[in-house]
Structures are given as C-alpha cells and as structure tokens.
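What follows is the content of query-v4.cif, which has mmCIF, C-alpha atoms:
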data_structure
#
loop_
_atom_site.label_atom_id
_atom_site.label_comp_id
_atom_site.auth_asym_id
_atom_site.auth_seq_id
_atom_site.Cartn_x
_atom_site.Cartn_y
_atom_site.Cartn_z
CA MET A 1 0.00 0.00 0.00
CA ASN A 2 1.42 3.34 -1.04
CA ARG A 3 1.71 6.12 1.44
CA ASN A 4 1.30 9.53 -0.07
CA LEU A 5 1.82 12.94 1.46
CA ILE A 6 0.64 16.34 0.41
CA ILE A 7 2.92 19.13 1.59
CA VAL A 8 1.23 22.52 1.82
CA PRO A 9 3.67 25.38 2.39
CA ALA A 10 1.79 28.32 3.85
CA TYR A 11 2.95 31.76 4.91
CA ASN A 12 0.27 34.04 6.29
CA GLU A 13 -2.52 32.19 4.50
CA ALA A 14 -4.99 31.99 7.40
CA GLU A 15 -7.92 32.88 5.13
CA ALA A 16 -7.10 30.52 2.29
CA VAL A 17 -5.57 27.53 4.03
CA GLY A 18 -8.88 26.17 5.35
CA THR A 19 -10.45 26.22 1.88
CA THR A 20 -7.35 24.68 0.36
CA ILE A 21 -7.35 21.85 2.90
CA ALA A 22 -11.06 21.20 2.37
CA ALA A 23 -10.51 21.00 -1.39
CA ILE A 24 -7.55 18.65 -0.93
CA ARG A 25 -9.55 16.41 1.38
CA ARG A 26 -12.30 16.28 -1.20
CA TRP A 27 -10.18 15.53 -4.25
CA ALA A 28 -7.32 13.56 -2.71
CA PRO A 29 -8.70 11.82 0.37
CA GLU A 30 -6.13 9.01 0.23
CA PHE A 31 -3.26 11.43 0.82
CA ASP A 32 -1.94 12.44 4.22
CA LEU A 33 -1.77 16.18 4.67
CA LEU A 34 1.08 18.22 6.12
CA VAL A 35 0.90 21.99 6.35
CA VAL A 36 4.26 23.70 6.78
CA ASP A 37 3.58 26.99 8.51
CA ASP A 38 6.56 29.08 7.44
CA GLY A 39 6.70 31.37 10.46
CA SER A 40 3.32 32.98 9.82
CA THR A 41 2.33 35.90 11.98
CA ASP A 42 -1.39 35.24 11.53
CA ALA A 43 -3.54 32.25 12.49
CA THR A 44 -2.40 29.99 9.63
CA ALA A 45 -1.30 27.16 11.94
CA GLU A 46 -4.52 27.27 13.98
CA GLN A 47 -6.68 27.32 10.86
CA ALA A 48 -4.77 24.38 9.42
CA ARG A 49 -5.08 22.39 12.63
CA MET A 50 -8.78 23.17 12.80
CA ALA A 51 -9.16 21.89 9.26
CA GLY A 52 -7.53 18.67 10.42
CA ALA A 53 -4.05 18.89 8.96
CA THR A 54 -0.81 17.94 10.63
CA VAL A 55 1.14 21.16 11.04
CA LEU A 56 4.87 21.80 11.06
CA CYS A 57 5.49 25.17 12.67
CA LEU A 58 8.74 26.81 11.64
CA PRO A 59 9.91 29.23 14.33
CA PHE A 60 10.54 31.98 11.77
CA ASN A 61 10.15 32.55 8.06
CA LEU A 62 12.59 30.43 6.07
CA GLY A 63 11.15 31.07 2.62
CA ILE A 64 9.55 28.53 0.32
CA GLY A 65 12.74 26.51 -0.13
CA GLY A 66 13.35 25.95 3.57
CA ALA A 67 9.67 25.30 4.20
CA MET A 68 9.39 22.72 1.44
CA GLN A 69 12.57 21.02 2.54
CA SER A 70 11.12 20.57 6.05
CA GLY A 71 8.17 18.89 4.36
CA TYR A 72 10.48 16.55 2.45
CA ILE A 73 12.41 15.74 5.62
CA TYR A 74 9.10 14.92 7.29
CA ALA A 75 8.13 12.73 4.33
CA LYS A 76 11.47 10.93 4.51
CA GLU A 77 11.30 10.38 8.26
CA HIS A 78 7.75 9.06 8.03
CA ASP A 79 8.68 6.82 5.13
CA TYR A 80 6.28 8.17 2.52
CA ASP A 81 6.39 6.82 -1.03
CA VAL A 82 5.15 9.97 -2.73
CA ALA A 83 5.17 13.65 -1.78
CA VAL A 84 3.38 16.41 -3.64
CA GLN A 85 3.56 20.15 -3.10
CA VAL A 86 0.23 21.97 -3.12
CA ASP A 87 0.47 25.67 -2.31
CA GLY A 88 -1.60 26.97 0.57
CA ASP A 89 -2.93 29.95 -1.36
CA GLY A 90 -5.28 27.89 -3.53
CA GLN A 91 -3.32 28.24 -6.78
CA HIS A 92 -2.80 24.52 -7.21
CA ASP A 93 -6.05 22.74 -7.94
CA PRO A 94 -6.08 19.47 -5.98
CA ARG A 95 -8.21 17.89 -8.72
CA TYR A 96 -4.99 17.42 -10.69
CA ILE A 97 -3.25 15.47 -7.94
CA ASP A 98 -4.69 12.25 -9.37
CA ASP A 99 -3.33 13.13 -12.82
CA LEU A 100 0.13 13.68 -11.37
CA LEU A 101 -0.04 10.43 -9.40
CA SER A 102 -1.20 8.28 -12.28
CA ARG A 103 1.52 9.76 -14.50
CA LEU A 104 4.11 9.02 -11.82
CA ASN A 105 2.89 5.46 -11.35
CA GLU A 106 2.58 4.88 -15.09
CA ASP A 107 6.32 4.99 -15.63
CA PRO A 108 8.43 3.47 -12.86
CA LYS A 109 11.48 5.33 -14.18
CA LEU A 110 9.93 8.70 -13.44
CA ASN A 111 10.96 10.42 -10.23
CA MET A 112 9.11 13.70 -10.49
CA VAL A 113 5.99 15.00 -12.21
CA THR A 114 5.33 18.72 -12.48
CA GLY A 115 2.00 20.34 -13.18
CA SER A 116 2.60 22.72 -16.08
CA ARG A 117 0.41 25.69 -16.95
CA PHE A 118 1.78 25.94 -20.47
CA LEU A 119 1.80 22.35 -21.70
CA ASP A 120 -1.73 22.42 -23.09
CA PRO A 121 -1.58 24.65 -26.20
CA GLU A 122 -5.32 25.28 -25.97
CA GLY A 123 -5.05 26.18 -22.31
CA GLU A 124 -5.24 29.79 -21.31
CA GLY A 125 -1.82 29.55 -19.73
CA TYR A 126 -1.40 31.87 -16.86
CA ARG A 127 -2.33 35.48 -16.58
CA SER A 128 0.57 37.34 -15.10
CA SER A 129 2.74 40.38 -15.52
CA ALA A 130 4.72 40.58 -18.75
CA ILE A 131 8.10 40.48 -17.03
CA ARG A 132 7.15 37.34 -15.19
CA ARG A 133 6.00 35.61 -18.36
CA VAL A 134 9.23 36.59 -20.09
CA GLY A 135 11.15 35.20 -17.13
CA ILE A 136 9.24 31.94 -17.16
CA ARG A 137 9.84 31.54 -20.90
CA LEU A 138 13.54 32.31 -20.48
CA PHE A 139 13.93 29.71 -17.76
CA ALA A 140 11.88 27.21 -19.75
CA ARG A 141 14.28 27.60 -22.67
CA LEU A 142 17.31 27.37 -20.40
CA MET A 143 16.13 24.32 -18.50
CA SER A 144 15.06 22.56 -21.70
CA LEU A 145 18.55 23.18 -23.06
CA ILE A 146 20.27 21.90 -19.93
CA THR A 147 18.09 18.86 -19.28
CA ARG A 148 17.69 18.08 -23.01
CA GLN A 149 13.98 17.56 -22.64
CA ARG A 150 11.00 19.86 -22.99
CA VAL A 151 10.38 21.97 -19.91
CA THR A 152 7.47 24.37 -20.31
CA ASP A 153 6.82 25.54 -16.76
CA PRO A 154 10.03 25.56 -14.72
CA THR A 155 8.62 27.85 -12.04
CA SER A 156 5.64 25.68 -11.19
CA GLY A 157 5.73 24.47 -7.61
CA PHE A 158 2.96 21.94 -8.23
CA ARG A 159 5.21 18.89 -8.09
CA MET A 160 5.03 15.27 -7.13
CA THR A 161 8.14 13.25 -6.31
CA ASP A 162 8.78 9.62 -5.55
CA ARG A 163 11.05 8.24 -2.80
CA ARG A 164 14.25 9.13 -4.59
CA GLY A 165 13.06 12.67 -5.09
CA ILE A 166 12.02 12.92 -1.44
CA GLU A 167 15.41 11.66 -0.29
CA LEU A 168 17.24 14.04 -2.57
CA PHE A 169 15.22 17.10 -1.57
CA ALA A 170 15.39 16.20 2.13
CA ARG A 171 19.17 16.44 1.87
CA ASP A 172 19.58 19.21 -0.62
CA TYR A 173 17.01 21.78 -1.61
CA PRO A 174 17.61 25.34 -2.83
CA HIS A 175 17.18 28.11 -0.29
CA ASP A 176 14.88 30.61 -1.97
CA TYR A 177 13.02 30.46 -5.30
CA PRO A 178 13.76 26.74 -5.44
CA GLU A 179 11.65 25.55 -8.40
CA VAL A 180 14.03 26.13 -11.29
CA GLU A 181 17.04 24.92 -9.36
CA ALA A 182 15.19 21.81 -8.23
CA ILE A 183 14.82 20.75 -11.88
CA LEU A 184 18.57 21.08 -12.29
CA LEU A 185 19.10 19.16 -9.06
CA MET A 186 16.98 16.28 -10.33
CA HIS A 187 18.84 16.35 -13.63
CA ALA A 188 22.24 16.43 -11.94
CA HIS A 189 21.35 13.34 -9.96
CA ARG A 190 20.05 11.65 -13.09
CA LEU A 191 16.53 11.50 -11.78
CA ARG A 192 13.81 11.78 -14.39
CA SER A 193 10.99 14.23 -14.48
CA CYS A 194 8.16 15.12 -16.82
CA GLU A 195 5.24 17.51 -16.99
CA VAL A 196 1.48 17.13 -16.93
CA ALA A 197 -0.88 19.84 -18.12
CA VAL A 198 -2.80 21.63 -15.37
CA VAL A 199 -4.79 24.81 -15.03
CA MET A 200 -3.94 27.03 -12.10
CA GLY A 201 -6.43 29.34 -10.51
CA PRO A 202 -5.60 32.75 -9.17
CA ARG A 203 -4.43 32.80 -5.59
CA ILE A 204 -7.25 33.34 -3.11
CA THR A 205 -5.27 35.55 -0.78
CA GLY A 206 -1.75 36.48 0.04
CA GLU A 207 1.08 37.90 -1.91
CA SER A 208 3.17 36.00 -4.38
CA ALA A 209 6.58 35.25 -2.99
CA ILE A 210 7.80 37.35 -5.91
CA SER A 211 6.54 40.89 -6.31
CA SER A 212 7.24 42.55 -9.64
CA THR A 213 10.03 44.63 -8.14
CA GLN A 214 11.66 41.43 -6.95
CA SER A 215 11.34 39.79 -10.34
CA VAL A 216 14.67 41.14 -11.48
CA TYR A 217 16.40 39.91 -8.36
CA TYR A 218 14.67 36.57 -8.84
CA MET A 219 15.96 36.22 -12.39
CA VAL A 220 19.51 37.21 -11.50
CA LYS A 221 19.57 34.97 -8.46
CA VAL A 222 18.20 31.92 -10.24
CA LEU A 223 20.45 32.46 -13.26
CA LEU A 224 23.47 32.65 -10.99
CA ALA A 225 22.34 29.61 -9.02
CA VAL A 226 21.78 27.57 -12.17
CA PHE A 227 25.11 28.64 -13.63
CA VAL A 228 27.03 27.79 -10.47
CA ALA A 229 25.12 24.56 -9.99
CA LEU A 230 26.28 23.40 -13.41
CA PHE A 231 29.83 23.39 -12.11
CA ARG A 232 29.04 21.89 -8.74
CA GLU A 233 30.48 18.47 -8.13
CA ARG A 234 27.84 15.92 -7.52
CA PRO A 235 27.92 12.24 -6.93
CA ASN A 236 27.07 11.38 -10.51
CA VAL A 237 25.86 7.89 -11.21
CA VAL A 238 25.33 5.75 -14.22
CA GLU A 239 22.07 3.83 -14.13
CA GLU A 240 23.60 0.55 -12.94
CA ASP A 241 25.87 2.19 -10.38
CA PRO A 242 24.87 2.59 -6.76
CA PRO A 243 22.68 5.68 -6.48
CA PRO A 244 24.27 8.99 -5.52
CA VAL A 245 24.53 10.13 -1.94
CA GLY A 246 21.53 12.35 -2.35
CA ALA A 247 19.17 9.73 -3.68
CA GLU A 248 19.49 6.35 -2.09
CA ARG A 249 16.45 4.20 -2.30
CA THR A 250 15.66 2.85 1.14
CA THR A 251 13.53 -0.23 1.03
CA MET B 1 66.69 74.85 7.64
CA ILE B 2 63.33 76.04 8.77
CA PHE B 3 61.57 74.02 6.07
CA ALA B 4 63.44 70.86 7.04
CA ALA B 5 62.55 71.28 10.68
CA GLU B 6 58.88 71.83 9.81
CA ARG B 7 58.81 68.77 7.65
CA LEU B 8 60.41 66.70 10.40
CA SER B 9 57.95 67.85 13.03
CA SER B 10 54.96 67.23 10.74
CA ALA B 11 56.30 63.74 9.93
CA LEU B 12 56.70 63.13 13.65
CA GLY B 13 53.15 64.37 14.23
CA GLN B 14 51.80 62.02 11.61
CA ARG B 15 53.70 59.13 13.11
CA ALA B 16 52.31 59.93 16.52
CA GLU B 17 48.79 60.00 15.08
CA VAL B 18 49.24 56.62 13.40
CA ILE B 19 50.61 55.16 16.63
CA ILE B 20 47.60 56.48 18.53
CA VAL B 21 45.19 55.06 15.95
CA ALA B 22 46.89 51.66 16.10
CA VAL B 23 46.84 51.62 19.90
CA VAL B 24 43.19 52.66 19.95
CA ILE B 25 42.27 49.87 17.50
CA CYS B 26 44.02 47.30 19.67
CA GLY B 27 42.48 48.76 22.81
CA VAL B 28 38.93 48.76 21.42
CA ILE B 29 39.30 45.18 20.17
CA PHE B 30 40.66 44.08 23.53
CA GLU B 31 37.77 45.74 25.34
CA LEU B 32 35.20 44.14 22.97
CA VAL B 33 36.67 40.71 23.63
CA ARG B 34 36.73 41.38 27.38
CA ARG B 35 33.03 42.25 27.31
CA ARG B 36 32.32 39.16 25.18
CA HIS B 37 31.00 41.26 22.32
CA LEU B 38 33.64 39.79 20.04
CA MET B 39 34.93 36.25 19.82
CA GLU B 40 38.69 35.71 20.04
CA ARG B 41 38.89 34.13 16.62
CA TYR B 42 37.52 37.25 14.95
CA ALA B 43 39.48 39.56 17.24
CA ILE B 44 42.75 38.06 16.03
CA LEU B 45 42.26 39.47 12.52
CA TRP B 46 41.74 42.98 13.81
CA LEU B 47 44.59 42.74 16.30
CA VAL B 48 46.90 41.66 13.48
CA ALA B 49 45.79 44.74 11.52
CA GLY B 50 46.35 47.00 14.52
CA PHE B 51 49.81 45.57 15.24
CA THR B 52 50.81 45.84 11.62
CA LEU B 53 49.91 49.51 11.69
CA LEU B 54 51.83 49.97 14.94
CA ILE B 55 54.96 48.27 13.60
CA LEU B 56 54.86 50.37 10.43
CA ALA B 57 54.56 53.53 12.48
CA LEU B 58 57.35 52.62 14.91
CA TRP B 59 59.79 51.09 12.47
CA GLN B 60 60.56 54.06 10.32
CA GLY B 61 61.63 53.21 6.80
CA LEU B 62 60.00 49.78 6.81
CA LEU B 63 57.01 50.97 4.82
CA THR B 64 59.27 52.81 2.39
CA THR B 65 61.53 49.78 1.99
CA LEU B 66 58.61 47.42 1.50
CA SER B 67 56.79 49.63 -0.98
CA ARG B 68 60.02 50.24 -2.95
CA ALA B 69 60.52 46.47 -3.05
CA ALA B 70 56.99 46.13 -4.38
CA GLY B 71 57.71 48.77 -7.01
CA ILE B 72 55.46 51.42 -5.46
CA TYR B 73 57.28 54.75 -5.07
CA TYR B 74 54.64 56.48 -3.02
CA PRO B 75 54.58 54.56 0.31
CA PRO B 76 51.08 55.71 1.41
CA ALA B 77 49.67 54.17 -1.78
CA ALA B 78 51.17 50.84 -0.74
CA LEU B 79 49.56 51.23 2.66
CA PHE B 80 46.17 51.96 1.09
CA ALA B 81 46.47 49.04 -1.31
CA VAL B 82 47.30 46.60 1.48
CA GLY B 83 44.58 48.03 3.72
CA PHE B 84 41.99 47.81 0.96
CA LEU B 85 42.94 44.24 0.19
CA PHE B 86 42.76 43.33 3.86
CA VAL B 87 39.26 44.79 4.22
CA LEU B 88 38.15 43.06 1.02
CA VAL B 89 39.36 39.64 2.18
CA LEU B 90 37.78 40.24 5.56
CA LEU B 91 34.39 41.05 3.99
CA VAL B 92 34.45 37.92 1.83
CA HIS B 93 35.37 35.97 4.93
CA PHE B 94 32.36 37.42 6.75
CA SER B 95 30.05 36.70 3.82
CA ILE B 96 31.11 33.07 4.00
CA ILE B 97 30.43 33.02 7.72
CA VAL B 98 27.01 34.63 7.27
CA SER B 99 26.11 32.06 4.60
CA ARG B 100 27.18 29.22 6.83
CA LEU B 101 25.28 30.63 9.79
CA SER B 102 22.06 31.12 7.84
CA ASN B 103 22.32 27.55 6.58
CA GLN B 104 22.83 26.24 10.10
CA ASN B 105 19.95 28.46 11.19
CA LYS B 106 17.70 26.89 8.56
CA VAL B 107 18.61 23.36 9.62
CA LEU B 108 17.94 24.23 13.27
CA ALA B 109 14.55 25.75 12.47
CA GLN B 110 13.57 22.67 10.47
CA ARG B 111 14.70 20.26 13.18
CA LEU B 112 12.88 22.31 15.80
CA ALA B 113 9.63 22.25 13.81
CA LEU B 114 9.86 18.49 13.22
CA LEU B 115 10.62 17.76 16.88
CA GLN B 116 7.82 20.06 18.03
CA GLN B 117 5.36 18.27 15.74
CA ARG B 118 6.48 14.88 17.03
CA LEU B 119 6.16 16.04 20.62
CA GLU B 120 2.65 17.39 20.01
CA GLN B 121 1.64 14.15 18.34
CA GLU B 122 3.00 11.98 21.13
CA THR B 123 1.40 14.16 23.78
CA ALA B 124 -1.90 13.94 21.93
CA GLU B 125 -1.60 10.16 21.66
CA ARG B 126 -0.84 9.82 25.35
CA THR B 127 -3.71 12.01 26.49
CA GLY B 128 -6.14 9.93 24.47
CA PRO B 129 -7.39 9.84 20.91
CA ALA B 130 -10.33 12.12 21.71
CA ALA B 131 -8.04 15.09 22.17
CA SER B 132 -5.99 14.40 19.06
CA SER B 133 -8.17 15.88 16.35
CA ALA B 134 -5.10 17.45 14.82
CA THR B 135 -3.45 14.10 14.21
CA ALA B 136 -6.48 12.02 13.28
CA PRO B 137 -5.92 9.88 10.20
CA VAL B 138 -7.36 11.03 6.92
CA ALA B 139 -9.88 8.21 6.73
CA ASP B 140 -11.60 9.44 9.89
CA ARG B 141 -12.18 12.90 8.56
CA PRO B 142 -15.56 13.76 7.14
CA ARG B 143 -15.49 13.79 3.38
CA ASP B 144 -18.59 15.79 2.71
CA GLU B 145 -17.07 19.21 2.98
CA PRO B 146 -18.57 21.73 0.64
CA SER B 147 -17.10 21.67 -2.80
CA PRO B 148 -14.44 24.30 -3.43
CA THR B 149 -15.70 27.46 -4.99
CA ARG B 150 -13.43 27.09 -7.97
#

If you took the structure in this file and wrote it as structure tokens, what would it be?
Amino acid sequence: MNRNLIIVPAYNEAEAVGTTIAAIRRWAPEFDLLVVDDGSTDATAEQARMAGATVLCLPFNLGIGGAMQSGYIYAKEHDYDVAVQVDGDGQHDPRYIDDLLSRLNEDPKLNMVTGSRFLDPEGEGYRSSAIRRVGIRLFARLMSLITRQRVTDPTSGFRMTDRRGIELFARDYPHDYPEVEAILLMHAHRLRSCEVAVVMGPRITGESAISSTQSVYYMVKVLLAVFVALFRERPNVVEEDPPPVGAERTT
Amino acid sequence: MIFAAERLSSALGQRAEVIIVAVVICGVIFELVRRRHLMERYAILWLVAGFTLLILALWQGLLTTLSRAAGIYYPPAALFAVGFLFVLVLLVHFSIIVSRLSNQNKVLAQRLALLQQRLEQETAERTGPAASSATAPVADRPRDEPSPTR
C-alpha cells in the first residue's frame, strides 16, 4: 500500500488555508496532509489544525525553499512513497493530484511529475505580468537546453516526487526560489521528471513570494544559481551504479 | 633649515597619530573581547591589523623599503592598497560566515519544527485519541465538505 503525502507550504494564508485543505480532502482523500507553517504571523497554523491537517510550525520565516525542505524531511522520516507540493494559497487545484499520481505510477522510471500551466496549447496559460511571463519563458528555454527535454513551466511548484526525489530534496534543496534549481538538481542526480498539463487558478489571498520589483532579483539569483550549480560536483551515477549520496532508495 | 625642521615635526606628528590610531584599535578590540561582544577568533584578525599599523609607524623606513621592493614609489599608496585588500578579504570571509550561519539556522529551524510536531503528536496520543483531532488519520475525517468554490 502506497503512502502519499501532500505538503502545503503556507505563509500568512490563514484565510485561504482552510479552503485549500477542504478541497484537498475532497479531491485527494487518500493522501496524508502536512501543512508547513513558514513562520506565519497570523492564524495559519490554527486554521490548518482546525481543518484537520498535521502542522509543522517553523519558528521563523525560512522562505519557500526551507519550508518545502522541512516537508520533504518529514516525508522521509515518516517513510512516505510519494510527496506532492500543493500551495496553501489555492493556486494549485487538488483535482490534478490524481493526474500527477497516475503519470508518476505509469512509468516506474519517473521520479518527479510537475504540473505545467503551459503544456496544453489550448489552455489559457497563466495570466501574469509581462516580465514574469518573459522570465518563465527564459527559464523554460534554459532548462530545456540543460536537461535536453522539454520543460514548459520551470517555475511551477505543483510537483510530485517519488522516494528518490524525497530523499534528494530532504538532503539538498535550494534556499529561496527553489523551483528552477530543483529541476537542475533532479537532472544532476540523473533522476527523471516530466510535466502534466494543469490549469492554475488565481491565488485566493496572500502575496506572491515574488513581487514585480523582486522579479529582477529573482531572475539574476536563479540564473546565478543555475550557472554555479552546473559546475558543482555531484555524486554522478550511471544507471547501474549505486545511487548517488543524495538519492538512495531505502527499502 | 626652517623648512626641514617643519617637515620633520609634521612627519613626527603624523607618526604619533598613526601610533595612537593603532593603539586605539588594539584597545577597542581588547575591550570588545573582554566584554564578550567579540569572539577571540575574529578579534585576532583585527589585532593583526592593529599591530601591523603599529609596527609600520614605529619602524621608520619599513614601509618605504617594502613599498620600494613592491615597485610602489609612493609609500602611502602601498599602505592603502594593502589596507583595501585586507578589508576586502575580511568582507568575503564574513560573507562566508554569514552564509554558513544562515544555513545552520535553517537546519535548526527545520529540526525544531519536526521535533515540536512529534512532541505534540505523542502528547496527543498519550492524552487519548479524543483530544488528538489534529493528528487524526485522513480516513476518519468527514469527506462531505462543501465543494471548493473554484
């Protein structure tokens, strides 16, 4: 029997987190639910507990990277088979969790499935500021080039990973703005990922982690991180070799 | 004659000032360490800088000799170059330390949150399942919540 975990990172999402949890319960009842309260100053943790979620309370704000990594560490320690990130602000529609899971189970070689807003050509994509769309497209090109496979939505946090992914991210996960770098991390450890088309709603409440003024910093930071990461030594493995330090399969 | 004497006294005055500055640096650093505002390992760097300044001020001609040897014919420029380099290296050193500290900070926060959650869960389990609504398994939760508005 598979054990699956939904990780909901939430920072000051007291108004939205209850609705998000209710929707998750409705559409993915077979998943356990962990809310990572990233040092919220409002009643996020209380709301999440009231909605019946297990809550990890970080003592102060670590940012999405640190929050998600705590979720992966929790998943690893509690021996989960699958972990999926669903944002607490209601952007990620839990109805697609099943799509992600069936895609992940379909191919045993897959280690990560990402919900992409841009995969479906008929889809409306994602309404956002121009600079952000340009940034997403730039990173999509870059990551496609590096990983030699089509990446359409590198900034999507709507991701499902298997055990190897959980183990890897529990040990090593980027600090801030982790999504793009995480793709590179998977690639560097020769783990396989693919995308599944999803539609994302607008966030119910809360600010994006990236305001438009921060977009430039975001781009520079991620570009630097990706560039440096390309030269970082990693325990590279060939398929038959023992897995790298960051991705042992514990069975 | 008069010019030479003036120059000598001004040079002496400058030397005295440099010596005072060096002594003050060392004194301030010593006092900071004494009050535990500064750890010894970081104080050493500043004390080395202070002593270097002191030696250069006391040992007349050393700076000139050294800068000539380095091909710099204006000794103060050599002093500035070395000082600038020192501060630069020090700042990089501190950036490394800050990065390491914030990483350790992150790990501590994560461990704390995980331990706190485990403690809450175990407390809830010990005080009886009735009180542990927060940790109830998914299957026990009602499934007939209203459909999401989206």

(Q) Near chain B, meaning an atom within 6 Å, which residues of chain A appear when counting only C-alpha atoms? Write them as number ranges by chain. (A) A: 23, 49, 52, 54, 56-58, 70

Next, write the just-selected residues to a file, as a PDB file, in the coordinates of the input, keeping C-alpha atoms as the atom set.
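In the end it all went to part_18.pdb:
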ATOM      1  CA  ALA A  23     -10.510  21.000  -1.390  1.00  0.00           C
ATOM      2  CA  ARG A  49      -5.080  22.390  12.630  1.00  0.00           C
ATOM      3  CA  GLY A  52      -7.530  18.670  10.420  1.00  0.00           C
ATOM      4  CA  THR A  54      -0.810  17.940  10.630  1.00  0.00           C
ATOM      5  CA  LEU A  56       4.870  21.800  11.060  1.00  0.00           C
ATOM      6  CA  CYS A  57       5.490  25.170  12.670  1.00  0.00           C
ATOM      7  CA  LEU A  58       8.740  26.810  11.640  1.00  0.00           C
ATOM      8  CA  SER A  70      11.120  20.570   6.050  1.00  0.00           C
TER       9      SER A  70
END

Q) Evaluating the PyMOL selection byres ((chain A and resi 108) around 12) on the displayed file yields which residues, as a list of chain:residue names? A) A:Leu101, A:Ser102, A:Arg103, A:Leu104, A:Asn105, A:Glu106, A:Asp107, A:Lys109, A:Leu110, A:Asn111, A:Met112, A:Val113, A:Thr161, A:Asp162, A:Arg163, A:Arg164, A:Leu191, A:Arg192, A:Ser193

Which centre and which edge lengths, in Å to one decimal, describe the axis-aligned box that holds all listed atoms of range 131-149 of chain A after 8 Å is added on each side, as lines of an AutoDock Vina configuration file?
center_x = 13.1
center_y = 29.0
center_z = -19.1
size_x = 30.3
size_y = 38.9
size_z = 23.9

Applying 8 Å and all atoms listed in the file, which residues near Ala140 in chain A remain after dropping the ones on its own chain fewer than 2 positions away? List them as a CSV table (one decimal) with C-alpha atoms, in the coordinates of the input.
chain,number,residue,atom,x,y,z
A,136,ILE,CA,9.2,31.9,-17.2
A,137,ARG,CA,9.8,31.5,-20.9
A,138,LEU,CA,13.5,32.3,-20.5
A,142,LEU,CA,17.3,27.4,-20.4
A,143,MET,CA,16.1,24.3,-18.5
A,144,SER,CA,15.1,22.6,-21.7
A,151,VAL,CA,10.4,22.0,-19.9
A,152,THR,CA,7.5,24.4,-20.3
A,153,ASP,CA,6.8,25.5,-16.8
A,154,PRO,CA,10.0,25.6,-14.7

Q. If the PyMOL selection byres ((chain A and resi 85) around 6) is run on the structure shown, which residues does it catch, given as a count of residues only?
A. 7

Q) So which residues get picked by the PyMOL selection byres ((chain A and resi 66) around 8) here, written as an MDAnalysis selection string? A) (chainID A and resid 62:65 67:70 173:176) or (chainID B and resid 106 110)

**Q.** Coordinates-based distance that separates CA of Leu91 in chain B from CA of Trp59 in chain B (Å, one decimal)
**A.** 28.6 Å

Q: Work out how far apart CA of Met160 in chain A and CA of Leu145 in chain A are and give it in Å to one decimal.
A: 22.3 Å

Q.
Need the shell around Gly115 in chain A: protein/DNA/RNA residues with any atom at most 8 Å away, counting all atoms listed in the file. Skip same-chain ones fewer than 6 positions apart. Format as a list in words?
A.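 What passes the distance filter is Tyr96, Leu100, Asp153, Ser156, Gly157, Phe158, Arg159, Glu195, Val196, Ala197 and Val198 of chain A.
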
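Atom pair CA of Lys76 in chain A / CA of Phe169 in chain A has a distance of 9.4 Å (rounded to one decimal).
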